[in-house]
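**Student:** This is final-v1.cif (mmCIF, C-alpha atoms).
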data_model
#
loop_
_atom_site.label_atom_id
_atom_site.label_comp_id
_atom_site.auth_asym_id
_atom_site.auth_seq_id
_atom_site.Cartn_x
_atom_site.Cartn_y
_atom_site.Cartn_z
CA MET A 1 52.23 13.33 3.45
CA ARG A 2 49.55 14.41 1.01
CA ILE A 3 47.65 11.55 -0.53
CA LEU A 4 46.43 12.29 -4.02
CA GLU A 5 42.95 11.04 -4.67
CA VAL A 6 41.91 9.76 -8.06
CA LYS A 7 38.69 11.39 -9.14
CA LEU A 8 36.01 8.92 -10.20
CA SER A 9 34.90 9.20 -13.82
CA LYS A 10 31.31 9.54 -12.61
CA LYS A 11 29.63 10.15 -9.30
CA ILE A 12 26.05 10.77 -8.23
CA LEU A 13 25.33 11.83 -4.66
CA PRO A 14 22.20 10.46 -2.94
CA MET A 15 18.99 12.20 -4.01
CA GLN A 16 15.37 11.10 -4.03
CA TYR A 17 12.18 12.75 -5.16
CA PRO A 18 11.19 14.89 -2.15
CA THR A 19 7.93 15.04 -0.22
CA VAL A 20 8.09 18.82 -0.15
CA THR A 21 8.20 20.47 -3.58
CA SER A 22 6.78 23.92 -2.96
CA TRP A 23 10.05 25.90 -3.12
CA GLN A 24 13.33 24.75 -4.62
CA TRP A 25 15.35 25.46 -1.45
CA GLN A 26 13.00 23.23 0.52
CA ALA A 27 12.75 20.59 -2.22
CA ASN A 28 16.54 20.33 -2.53
CA ALA A 29 16.97 19.96 1.22
CA PHE A 30 14.27 17.26 1.43
CA ALA A 31 15.68 15.47 -1.64
CA VAL A 32 18.89 14.94 0.33
CA LEU A 33 17.55 14.52 3.88
CA GLU A 34 14.92 11.95 2.93
CA CYS A 35 17.70 9.61 1.75
CA TYR A 36 18.70 9.27 5.40
CA PRO A 37 16.06 7.86 7.82
CA GLU A 38 18.04 9.22 10.80
CA THR A 39 17.00 12.76 9.83
CA GLU A 40 13.32 12.01 10.50
CA PRO A 41 13.30 13.21 14.17
CA TRP A 42 14.72 16.56 13.03
CA ILE A 43 12.26 16.93 10.14
CA MET A 44 9.38 16.03 12.47
CA SER A 45 10.55 18.66 15.01
CA HIS A 46 10.49 21.43 12.37
CA PHE A 47 8.40 22.63 9.41
CA ILE A 48 5.38 23.26 11.66
CA GLN A 49 5.09 27.02 11.59
CA LEU A 50 3.99 28.76 8.38
CA GLN A 51 4.89 32.32 7.53
CA LEU A 52 3.30 34.69 5.02
CA THR A 53 5.46 37.68 4.12
CA LEU A 54 3.47 40.75 3.17
CA ASN A 55 4.96 41.64 -0.20
CA GLN A 56 3.21 44.15 -2.39
CA GLY A 57 1.45 42.36 -5.25
CA SER A 58 2.03 38.81 -4.07
CA SER A 59 2.21 36.99 -0.77
CA TYR A 60 5.19 34.76 -0.12
CA VAL A 61 4.29 31.75 2.01
CA ASP A 62 6.94 29.39 3.30
CA PHE A 63 7.78 27.24 6.27
CA TYR A 64 9.54 29.04 9.09
CA ARG A 65 12.45 29.10 8.89
CA THR A 66 14.27 29.06 5.64
CA PRO A 67 16.71 28.28 4.08
CA THR A 68 16.99 24.85 5.65
CA PHE A 69 20.62 24.53 4.57
CA GLU A 70 21.64 27.12 7.13
CA PHE A 71 20.21 25.58 10.28
CA CYS A 72 19.87 21.84 9.67
CA PRO A 73 22.40 19.92 11.77
CA TRP A 74 22.45 17.10 9.21
CA LEU A 75 23.76 19.36 6.46
CA PHE A 76 27.29 20.70 6.51
CA HIS A 77 27.11 24.04 4.74
CA GLN A 78 30.08 25.89 3.27
CA HIS A 79 29.34 29.17 1.55
CA LEU A 80 31.86 30.67 -0.86
CA LYS A 81 31.98 33.97 -2.69
CA ARG A 82 32.38 33.66 -6.46
CA ASP A 83 35.74 35.44 -6.14
CA THR A 84 36.90 32.74 -3.73
CA VAL A 85 35.75 30.00 -6.07
CA GLN A 86 37.64 31.70 -8.91
CA TYR A 87 40.77 31.95 -6.73
CA PHE A 88 40.71 28.26 -5.83
CA ASN A 89 39.97 27.03 -9.33
CA PRO A 90 39.28 29.21 -12.39
CA ASP A 91 37.72 26.19 -14.12
CA ILE A 92 34.22 26.12 -12.66
CA CYS A 93 33.39 22.66 -14.04
CA SER A 94 36.53 21.25 -12.47
CA PHE A 95 35.68 23.03 -9.20
CA ILE A 96 32.18 21.50 -9.15
CA THR A 97 33.32 17.98 -10.06
CA ASP A 98 35.97 18.19 -7.31
CA ALA A 99 33.32 19.30 -4.81
CA ILE A 100 30.97 16.46 -5.77
CA HIS A 101 33.85 14.00 -5.72
CA GLN A 102 34.43 15.03 -2.12
CA GLY A 103 30.77 14.53 -1.27
CA SER A 104 29.39 18.05 -1.57
CA TYR A 105 26.30 19.07 -3.49
CA VAL A 106 26.70 22.45 -5.20
CA TYR A 107 23.98 25.10 -5.09
CA GLY A 108 23.98 28.49 -6.77
CA VAL A 109 22.41 30.79 -9.33
CA PHE A 110 23.00 30.06 -13.02
CA ASN A 111 21.61 31.67 -16.15
CA GLN A 112 19.56 28.68 -17.18
CA ALA A 113 18.77 30.24 -20.57
CA HIS A 114 22.01 28.54 -21.65
CA PHE A 115 20.41 25.11 -21.35
CA LEU A 116 16.67 25.73 -21.46
CA GLU A 117 14.96 26.54 -24.73
CA GLY A 118 12.66 29.51 -25.06
CA HIS A 119 14.50 31.83 -22.69
CA ASP A 120 16.91 34.69 -23.31
CA TRP A 121 17.68 35.24 -19.67
CA LEU A 122 16.79 33.00 -16.73
CA PRO A 123 18.90 33.40 -13.59
CA HIS A 124 17.67 30.63 -11.30
CA ASP A 125 19.12 28.53 -8.50
CA LEU A 126 20.33 25.08 -9.51
CA PHE A 127 21.21 22.12 -7.28
CA ILE A 128 23.99 19.97 -8.75
CA TYR A 129 24.39 16.47 -7.34
CA GLY A 130 26.44 14.45 -9.83
CA TYR A 131 28.81 14.43 -12.77
CA ASP A 132 30.00 12.18 -15.59
CA LEU A 133 33.47 13.05 -16.88
CA GLU A 134 33.20 10.83 -19.96
CA ARG A 135 29.93 12.32 -21.15
CA LYS A 136 30.83 15.75 -19.71
CA VAL A 137 27.48 16.26 -18.02
CA PHE A 138 26.27 17.30 -14.60
CA HIS A 139 23.20 15.91 -12.88
CA ALA A 140 21.09 18.75 -11.52
CA ALA A 141 17.70 19.46 -9.96
CA ASP A 142 15.33 22.39 -10.31
CA PHE A 143 11.79 23.38 -11.27
CA THR A 144 12.87 24.92 -14.52
CA PHE A 145 13.45 21.75 -16.57
CA THR A 146 9.82 20.66 -16.71
CA GLY A 147 7.89 23.26 -14.70
CA LYS A 148 7.87 20.99 -11.65
CA TYR A 149 10.70 19.79 -9.46
CA SER A 150 12.72 17.35 -11.57
CA PHE A 151 16.17 15.98 -12.29
CA ALA A 152 18.05 16.55 -15.55
CA GLU A 153 21.47 16.58 -17.17
CA VAL A 154 23.35 19.74 -18.13
CA SER A 155 26.51 19.67 -20.24
CA PHE A 156 29.77 21.05 -18.85
CA ASP A 157 29.87 23.62 -21.64
CA GLN A 158 26.34 24.87 -20.97
CA LEU A 159 26.89 25.01 -17.23
CA GLU A 160 30.10 27.01 -17.53
CA LYS A 161 28.37 29.59 -19.75
CA ALA A 162 25.40 29.68 -17.36
CA TYR A 163 27.72 30.32 -14.39
CA ARG A 164 29.83 32.99 -16.11
CA ALA A 165 26.73 34.89 -17.27
CA ILE A 166 25.72 35.73 -13.70
CA GLN A 167 26.83 39.18 -12.55
CA PRO A 168 26.91 40.19 -8.87
CA TRP A 169 23.59 42.03 -9.15
CA ASP A 170 21.94 38.88 -10.61
CA ASP A 171 23.19 36.64 -7.84
CA TRP A 172 20.10 36.88 -5.66
CA LEU A 173 20.50 33.76 -3.54
CA TYR A 174 20.60 34.19 0.26
CA LEU A 175 19.02 37.62 0.09
CA GLY A 176 21.59 38.98 -2.37
CA ARG A 177 24.69 37.46 -0.79
CA GLY A 178 25.02 35.16 -3.79
CA GLY A 179 27.99 32.85 -4.20
CA LEU A 180 28.07 29.08 -4.22
CA SER A 181 26.98 26.74 -1.45
CA LEU A 182 28.69 23.42 -0.91
CA LEU A 183 26.49 21.06 1.07
CA SER A 184 27.30 17.64 2.36
CA PHE A 185 25.47 15.18 4.55
CA ASN A 186 26.84 15.41 8.06
CA ALA A 187 26.68 11.77 9.13
CA SER A 188 28.23 12.52 12.51
CA ALA A 189 25.36 14.78 13.55
CA GLY A 190 22.75 13.66 16.01
CA TYR A 191 19.33 14.96 16.88
CA ASP A 192 16.73 13.82 19.38
CA PHE A 193 13.08 14.53 18.62
CA ASN A 194 12.15 17.76 20.41
CA LEU A 195 8.59 17.45 21.68
CA GLY A 196 8.76 20.76 23.59
CA ASN A 197 9.71 22.54 20.40
CA VAL A 198 6.84 20.87 18.52
CA ILE A 199 4.33 21.90 21.20
CA GLU A 200 5.58 25.49 21.18
CA GLN A 201 5.30 25.68 17.41
CA LEU A 202 1.80 24.16 17.40
CA GLU A 203 0.67 26.64 20.06
CA GLY A 204 2.23 29.42 18.01
CA PHE A 205 0.38 28.19 14.93
CA LEU A 206 -2.92 28.69 16.76
CA THR A 207 -2.10 32.12 18.17
CA GLY A 208 -0.18 33.40 15.15
CA ARG A 209 2.87 33.95 17.31
CA ASN A 210 6.14 32.73 15.92
CA CYS A 211 7.99 31.18 18.85
CA PHE A 212 11.30 31.63 17.02
CA GLU A 213 10.86 35.41 16.89
CA LYS A 214 13.04 35.67 20.01
CA MET A 215 15.90 34.25 17.92
CA ARG A 216 15.40 36.45 14.91
CA GLU A 217 19.02 37.59 14.91
CA MET A 218 19.77 34.06 13.65
CA SER A 219 17.61 34.58 10.62
CA TYR A 220 17.31 37.02 7.75
CA ARG A 221 15.68 40.38 7.95
CA THR A 222 12.23 40.05 6.47
CA ARG A 223 9.34 42.24 5.55
CA PRO A 224 6.41 42.24 7.98
CA TYR A 225 4.84 38.80 8.16
CA VAL A 226 2.09 36.82 9.81
CA SER A 227 2.24 33.27 11.09
CA GLY A 228 0.08 30.20 11.62
CA LEU A 229 -3.68 30.49 11.19
CA ALA A 230 -3.30 34.21 10.39
CA VAL A 231 -1.70 33.12 7.08
CA TYR A 232 -5.10 31.90 5.89
CA GLU A 233 -6.79 35.20 6.76
CA LYS A 234 -4.24 37.03 4.60
CA LEU A 235 -4.78 34.57 1.75
CA ILE A 236 -8.52 35.31 1.92
CA GLU A 237 -7.68 39.04 1.70
CA ASP A 238 -5.55 38.25 -1.37
CA LEU A 239 -8.48 36.38 -2.93
CA VAL A 240 -10.75 39.39 -2.40
CA ARG A 241 -8.19 41.49 -4.29
CA ILE A 242 -7.87 38.84 -7.03
CA LYS A 243 -11.64 38.81 -7.46
CA ALA A 244 -11.63 42.60 -7.77
CA GLY A 245 -8.89 42.39 -10.41
CA GLY A 246 -6.31 44.11 -8.25
CA HIS A 247 -4.07 41.13 -7.67
CA GLU A 248 -2.55 38.48 -9.93
CA PRO A 249 -3.54 34.92 -8.97
CA ASP A 250 -0.63 32.94 -7.55
CA TYR A 251 -1.24 29.32 -6.62
CA ARG A 252 2.18 28.76 -5.00
CA PRO A 253 1.08 29.69 -1.44
CA PHE A 254 -1.49 26.89 -1.64
CA HIS A 255 1.16 24.44 -2.80
CA VAL A 256 3.10 25.24 0.40
CA ILE A 257 -0.05 24.66 2.43
CA CYS A 258 -0.54 21.25 0.74
CA ASP A 259 3.04 20.35 1.68
CA HIS A 260 2.42 21.56 5.24
CA LYS A 261 -0.60 19.29 5.61
CA ALA A 262 1.28 16.31 4.12
CA LEU A 263 4.01 16.84 6.71
CA MET A 264 1.44 17.18 9.50
CA VAL A 265 -0.06 13.80 8.52
CA ARG A 266 3.43 12.32 8.57
CA ARG A 267 4.12 14.00 11.93
CA ILE A 268 0.97 12.61 13.56
CA LEU A 269 1.84 9.08 12.40
CA TYR A 270 5.39 9.62 13.71
CA LEU A 271 4.05 10.81 17.10
CA GLU A 272 1.85 7.70 17.27
CA ARG A 273 4.74 5.37 16.40
CA GLN A 274 6.99 7.02 18.98
CA GLY A 275 4.37 6.79 21.72
CA TYR A 276 3.81 10.55 22.05
CA LEU A 277 0.26 10.11 20.85
CA GLU A 278 -2.09 7.22 21.39
CA GLY A 279 -2.31 5.11 18.25
CA ASP A 280 -5.35 5.28 16.03
CA SER A 281 -6.21 8.78 17.20
CA GLY A 282 -8.00 9.44 13.89
CA LEU A 283 -6.13 12.73 13.61
CA ALA A 284 -4.07 11.60 10.61
CA GLU A 285 -7.19 10.83 8.58
CA ARG A 286 -8.70 14.19 9.48
CA TYR A 287 -5.47 16.00 8.57
CA GLN A 288 -5.45 14.05 5.29
CA ARG A 289 -8.81 15.64 4.49
CA LEU A 290 -7.26 19.07 5.15
CA GLU A 291 -4.50 18.19 2.68
CA ASN A 292 -7.19 17.41 0.12
CA ASP A 293 -8.89 20.73 0.91
CA ALA A 294 -5.59 22.57 0.41
CA LEU A 295 -5.05 20.74 -2.89
CA LEU A 296 -8.58 21.71 -3.89
CA CYS A 297 -7.75 25.38 -3.17
CA ARG A 298 -4.57 25.21 -5.25
CA ASN A 299 -6.33 23.58 -8.18
CA LEU A 300 -9.35 25.88 -7.97
CA LEU A 301 -7.07 28.90 -8.22
CA ILE A 302 -5.42 27.38 -11.30
CA LYS A 303 -8.88 26.73 -12.71
CA TYR A 304 -9.77 30.36 -12.04
CA THR A 305 -6.73 31.54 -14.03
CA LEU A 306 -7.94 29.35 -16.92
CA SER A 307 -11.63 30.19 -16.74
CA ASN A 308 -11.90 33.54 -14.90
CA GLN A 309 -15.11 32.39 -13.16
CA THR A 310 -15.43 34.53 -10.05
CA ALA A 311 -17.66 31.91 -8.38
CA ILE A 312 -14.49 29.82 -8.03
CA ILE A 313 -12.98 32.47 -5.76
CA ASP A 314 -16.06 32.34 -3.53
CA LYS A 315 -15.70 28.56 -3.25
CA MET A 316 -12.04 28.98 -2.36
CA MET A 317 -12.78 31.48 0.40
CA ALA A 318 -15.40 29.15 1.90
CA ASN A 319 -12.92 26.29 1.68
CA ILE A 320 -10.15 28.26 3.42
CA ARG A 321 -12.52 29.20 6.26
CA ASN A 322 -13.30 25.52 6.56
CA ILE A 323 -9.56 24.75 6.79
CA ILE A 324 -9.10 27.40 9.50
CA ASN A 325 -11.87 25.98 11.67
CA ASN A 326 -10.87 22.36 11.20
CA GLU A 327 -7.15 22.91 11.66
CA ARG A 328 -7.72 24.93 14.84
CA GLU A 329 -9.81 22.09 16.23
CA LEU A 330 -7.33 19.40 15.14
CA ILE A 331 -4.32 21.16 16.67
CA GLU A 332 -6.21 21.73 19.93
CA ILE A 333 -7.10 18.02 20.04
CA LEU A 334 -3.54 17.08 19.14
CA LEU A 335 -2.09 19.27 21.90
CA SER A 336 -4.53 17.83 24.46
CA LYS A 337 -3.66 14.23 23.53
CA LEU A 338 0.14 14.52 23.44
CA VAL A 339 1.85 12.34 25.98
CA VAL A 340 4.43 14.61 27.62
CA GLY A 341 6.96 12.53 29.52
CA MET B 342 -21.37 9.13 -26.49
CA GLY B 343 -21.18 5.59 -25.12
CA ASP B 344 -19.10 4.73 -22.10
CA LEU B 345 -16.40 2.97 -24.17
CA ASN B 346 -16.11 6.02 -26.36
CA VAL B 347 -15.86 8.24 -23.29
CA ILE B 348 -12.99 6.14 -21.95
CA GLY B 349 -11.28 6.19 -25.34
CA GLU B 350 -11.60 9.94 -25.63
CA VAL B 351 -10.44 10.51 -22.03
CA ILE B 352 -7.37 8.33 -22.67
CA ARG B 353 -6.64 10.12 -25.94
CA MET B 354 -6.79 13.53 -24.24
CA ILE B 355 -4.61 12.39 -21.32
CA GLU B 356 -1.99 10.89 -23.66
CA SER B 357 -2.04 14.03 -25.74
CA LYS B 358 -1.46 16.18 -22.64
CA ALA B 359 1.37 13.95 -21.39
CA ALA B 360 2.98 14.24 -24.86
CA ASP B 361 5.87 11.90 -24.13
CA GLY B 362 4.55 8.76 -25.76
CA ALA B 363 2.78 7.81 -22.53
CA SER B 364 0.56 4.77 -22.84
CA VAL B 365 -2.53 5.12 -20.66
CA LYS B 366 -4.84 2.19 -20.07
CA PRO B 367 -8.28 2.28 -18.40
CA ASP B 368 -6.79 1.02 -15.13
CA THR B 369 -3.67 3.22 -15.18
CA PRO B 370 -3.57 5.22 -11.92
CA LEU B 371 -3.59 8.81 -13.14
CA ARG B 372 -1.31 9.77 -10.27
CA GLU B 373 1.48 8.20 -12.37
CA VAL B 374 0.60 10.45 -15.30
CA TRP B 375 0.30 13.58 -13.17
CA LEU B 376 3.88 13.08 -11.96
CA LYS B 377 5.00 13.93 -15.50
CA LEU B 378 2.83 17.03 -15.71
CA GLU B 379 2.83 20.44 -14.10
CA SER B 380 -0.05 21.20 -11.72
CA VAL B 381 -1.32 23.72 -14.26
CA GLN B 382 -1.43 21.06 -17.00
CA VAL B 383 -3.45 18.69 -14.83
CA VAL B 384 -6.11 21.33 -14.18
CA GLU B 385 -5.96 22.37 -17.85
CA LEU B 386 -6.82 18.81 -18.77
CA ILE B 387 -9.82 18.82 -16.42
CA VAL B 388 -11.05 22.10 -17.94
CA GLU B 389 -10.52 20.67 -21.46
CA LEU B 390 -12.49 17.54 -20.54
CA GLU B 391 -15.30 19.72 -19.22
CA GLY B 392 -15.34 21.64 -22.49
CA ARG B 393 -15.14 18.51 -24.64
CA PHE B 394 -18.07 16.81 -22.90
CA GLY B 395 -20.05 19.96 -22.07
CA ILE B 396 -20.13 19.26 -18.35
CA THR B 397 -18.78 20.65 -15.09
CA LEU B 398 -16.90 18.07 -13.05
CA PRO B 399 -17.41 18.09 -9.27
CA ASP B 400 -14.97 20.42 -7.45
CA GLU B 401 -14.16 17.57 -5.07
CA LEU B 402 -12.34 15.85 -7.94
CA LEU B 403 -9.75 18.65 -7.92
CA GLY B 404 -9.07 17.96 -4.25
CA HIS B 405 -8.65 14.22 -4.80
CA ILE B 406 -6.92 14.28 -8.16
CA ASP B 407 -3.76 12.72 -6.66
CA ASP B 408 -5.61 9.82 -5.02
CA ASP B 409 -4.38 6.34 -5.93
CA GLY B 410 -7.86 5.17 -6.88
CA ILE B 411 -8.35 7.65 -9.72
CA THR B 412 -7.85 5.95 -13.07
CA ALA B 413 -8.80 6.82 -16.64
CA ALA B 414 -11.79 4.51 -16.21
CA THR B 415 -13.05 6.14 -12.99
CA LEU B 416 -12.58 9.59 -14.53
CA ALA B 417 -14.57 8.46 -17.57
CA GLU B 418 -17.28 7.06 -15.27
CA THR B 419 -17.54 10.43 -13.53
CA ILE B 420 -17.79 12.19 -16.88
CA ALA B 421 -20.42 9.73 -18.10
CA ARG B 422 -22.40 10.21 -14.89
CA GLU B 423 -22.25 13.98 -15.19
CA SER B 424 -23.35 13.67 -18.81
CA ASN B 425 -26.29 11.52 -17.71
CA GLU B 426 -25.06 8.73 -19.92
CA GLN B 427 -25.31 5.15 -18.70
CA PRO B 428 -22.48 2.67 -19.21
CA THR B 429 -23.17 0.26 -22.05
#
What does this structure look like when you write it as structure tokens?

**Tutor:**
Amino acid sequence: MRILEVKLSKKILPMQYPTVTSWQWQANAFAVLECYPETEPWIMSHFIQLQLTLNQGSSYVDFYRTPTFEFCPWLFHQHLKRDTVQYFNPDICSFITDAIHQGSYVYGVFNQAHFLEGHDWLPHDLFIYGYDLERKVFHAADFTFTGKYSFAEVSFDQLEKAYRAIQPWDDWLYLGRGGLSLLSFNASAGYDFNLGNVIEQLEGFLTGRNCFEKMREMSYRTRPYVSGLAVYEKLIEDLVRIKAGGHEPDYRPFHVICDHKALMVRRILYLERQGYLEGDSGLAERYQRLENDALLCRNLLIKYTLSNQTAIIDKMMANIRNIINNERELIEILLSKLVVG
Amino acid sequence: MGDLNVIGEVIRMIESKAADGASVKPDTPLREVWLKLESVQVVELIVELEGRFGITLPDELLGHIDDDGITAATLAETIARESNEQPT
């Protein structure tokens, strides 16, 4: 017997402002996962290795590996083609409210020019986590509302237009696969902290070897990339090009590095609490200083774009070399002090 | 410019940058204000303060801009110090 469910007039799925805000796919995942303390062992076992993809004109830096939705055991991920969505329900607003009603966040590319002023065309990925049938609005998250990761409301009418405006060639999510993702928290999952995995990633950070390379068939094809400490060397090369006028300044890689340091501080405190590291090791405070150094780099590059003072680039390069030396030393100390059971 | 005037001007410029009717007091942690701004706007404000007071603020400030202890008053103190002006 089929039991008909009555859809609630409004529903908002759990979201909180995330620790990681460097890329929207990471921010969205953290906004959900950080609502559930049981995900902490998984978060602390990942997001250690950094990857810089060698694109022409700009370097793309991100945690390895991404997108989190596709490999996190705590997130149940269903990916649908737009044709499939259309087949199930031609009314996209009704489709999305049904999905949220059933506990799924909805993620996809929308032409946000339909609800953001000052744009004629803005295909960008939006994370929808709630609805209100009476007011006919969705609750959504993205960087586009205010320029930083934030939550906002979008009317049903605007969202439908924004969805319909996307053609297959504009649907760039998941390396051009496009479509809509339905994500729900998988409460039945379990994950034990993986110290061996953490050690392997930390060692790989020092040597620039990505320990997950052996499983690359599970990931997306990428351009050539470097990992770990080698990321900083490439960023210095980028700064040399920026100083010479051959490269546009882009502060986003440094935002990722700030997030990486914030997570390393959190990881060290976690290791201490769990007894994998002797308490009061002093490593968290030293990593906190690296986070400040990374923030300084990000802000100096912004200041350079505002002032064009080349001396700022020299300061940044010196600061990055300082980060390389200190982080190498800190990871070596960390590895030597880990209590392996 | 006296210290009180420096604080007043710093607050005025911060409120103007926040542009959402934000009320900043001398002891308001600026971290709360920054949450409403883009990273670019925060650094813009620092550059504008440097231009307004004819000083260069220490680079270290940009690395600690999110610290809890930074308030409008402490920022004004730093500006006053860099301007070689003593608090009244």

**Student:** Report as a list in words all protein, DNA and RNA residues lying within 12 Å of A:Gln158, evaluated on all atoms listed in the file, omitting residues in the same chain fewer than 5 positions from it.

**Tutor:**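 Returned residues: Ile92, Cys93, Phe110, Asn111, Gln112, Ala113, His114, Phe115, Leu116, Lys136, Val137, Phe138, Glu153, Tyr163, Arg164 and Ala165 of chain A.
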
**Student:** Spell out the residues picked by the PyMOL selection byres ((chain B) within 9 of (chain A)) here, as a list in words.

**Tutor:** Leu376, Lys377, Leu378, Glu379, Ser380, Val381, Val383, Val384, Glu385, Ile387, Val388, Asp400, Glu401, Leu402, Leu403, Gly404, His405, Ile406 and Asp407 of chain B

**Student:** Give me the residues near stretch 261-266 of chain A as a ChimeraX atom specification, where near means some atom within 12 Å (using all atoms listed in the file) and where sequence neighbours in that chain fewer than 3 positions away do not count.

**Tutor:** /A:18-22,30,40-41,43-50,63,198,202,254-258,269-273,281-295,323,327,330-331,334

**Student:** Run the PyMOL selection byres ((chain A and resi 81-90) around 9) mentally over the shown coordinates, then write out the matched residues as JSON, numbers by chain, using the chain letters and numbers from the document.

**Tutor:** {"A": [79, 80, 91, 92, 93, 94, 95, 168, 177, 178, 179, 180, 181]}

**Student:** Write the residues of the preceding selection, restricted to C-alpha atoms, as a PDB file, keeping the file's coordinate frame.

**Tutor:**
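Result file result05.pdb:
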ATOM      1  CA  HIS A  79      29.340  29.170   1.550  1.00  0.00           C
ATOM      2  CA  LEU A  80      31.860  30.670  -0.860  1.00  0.00           C
ATOM      3  CA  ASP A  91      37.720  26.190 -14.120  1.00  0.00           C
ATOM      4  CA  ILE A  92      34.220  26.120 -12.660  1.00  0.00           C
ATOM      5  CA  CYS A  93      33.390  22.660 -14.040  1.00  0.00           C
ATOM      6  CA  SER A  94      36.530  21.250 -12.470  1.00  0.00           C
ATOM      7  CA  PHE A  95      35.680  23.030  -9.200  1.00  0.00           C
ATOM      8  CA  PRO A 168      26.910  40.190  -8.870  1.00  0.00           C
ATOM      9  CA  ARG A 177      24.690  37.460  -0.790  1.00  0.00           C
ATOM     10  CA  GLY A 178      25.020  35.160  -3.790  1.00  0.00           C
ATOM     11  CA  GLY A 179      27.990  32.850  -4.200  1.00  0.00           C
ATOM     12  CA  LEU A 180      28.070  29.080  -4.220  1.00  0.00           C
ATOM     13  CA  SER A 181      26.980  26.740  -1.450  1.00  0.00           C
TER      14      SER A 181
END

**Student:** Applied to this file, what does the PyMOL selection byres ((chain A and resi 106) around 7) return in terms of residues, put as a ChimeraX atom specification?

**Tutor:** /A:96,104-105,107-108,127-129,180-183

**Student:** I want to know what sits within 10 Å of B:Arg393, based on all atoms listed in the file, with residues of the same chain fewer than 3 positions away left out; could you give that as a VMD selection string?

**Tutor:** chain B and resid 350 to 351 354 387 to 390 396

**Student:** Could you work out how far atom CA of A:His119 lies from atom CA of A:Ala99, giving the answer in Å with one decimal?

**Tutor:**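 Spanning atom CA of A:Ala99 to atom CA of A:His119 is a straight-line distance of 28.8 Å.
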
**Student:** Set up a box along x, y and z of the file covering all listed atoms of stretch 110-118 of chain A, add 6 Å on every one of the six sides, and write the centre and edge lengths in Å to one decimal, as JSON.

**Tutor:**
{"center_x": 17.8, "center_y": 28.4, "center_z": -19.0, "size_x": 22.3, "size_y": 18.6, "size_z": 24.0}

**Student:** Please determine, counting all atoms listed in the file, which residue among B:Thr397, B:Ser364, B:Thr369, B:Gln382 has the shortest atom-to-atom distance to B:Ala413.

**Tutor:**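 Counting all atoms listed in the file, the residue closest to B:Ala413 is B:Thr369.
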
**Student:** Quote the spacing between atom CA of B:Ala421 and atom CA of B:Asn346 in Å to one decimal place.

**Tutor:**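 Between atom CA of B:Ala421 and atom CA of B:Asn346 the gap works out to 10.0 Å.
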
**Student:** Which distance in Å separates atom CA of A:Glu332 and atom CA of A:Thr53, to one decimal?

**Tutor:** 25.3 Å

**Student:** Give the answer as one residue: which of A:Asn325, A:Ser9, A:Thr144, A:Thr310 has the shortest atom-to-atom distance to A:Leu206, using only C-alpha atoms?

**Tutor:**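 For A:Leu206, the nearest of the given residues is A:Asn325.
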
**Student:** Can you tell me, as a ChimeraX atom specification, what residues are no more than 12 Å from A:Met15 when counting all atoms listed in the file, ignoring any on the same chain fewer than 4 positions away?

**Tutor:** /A:27-36,105,127-130,139-141,150-151,184-185
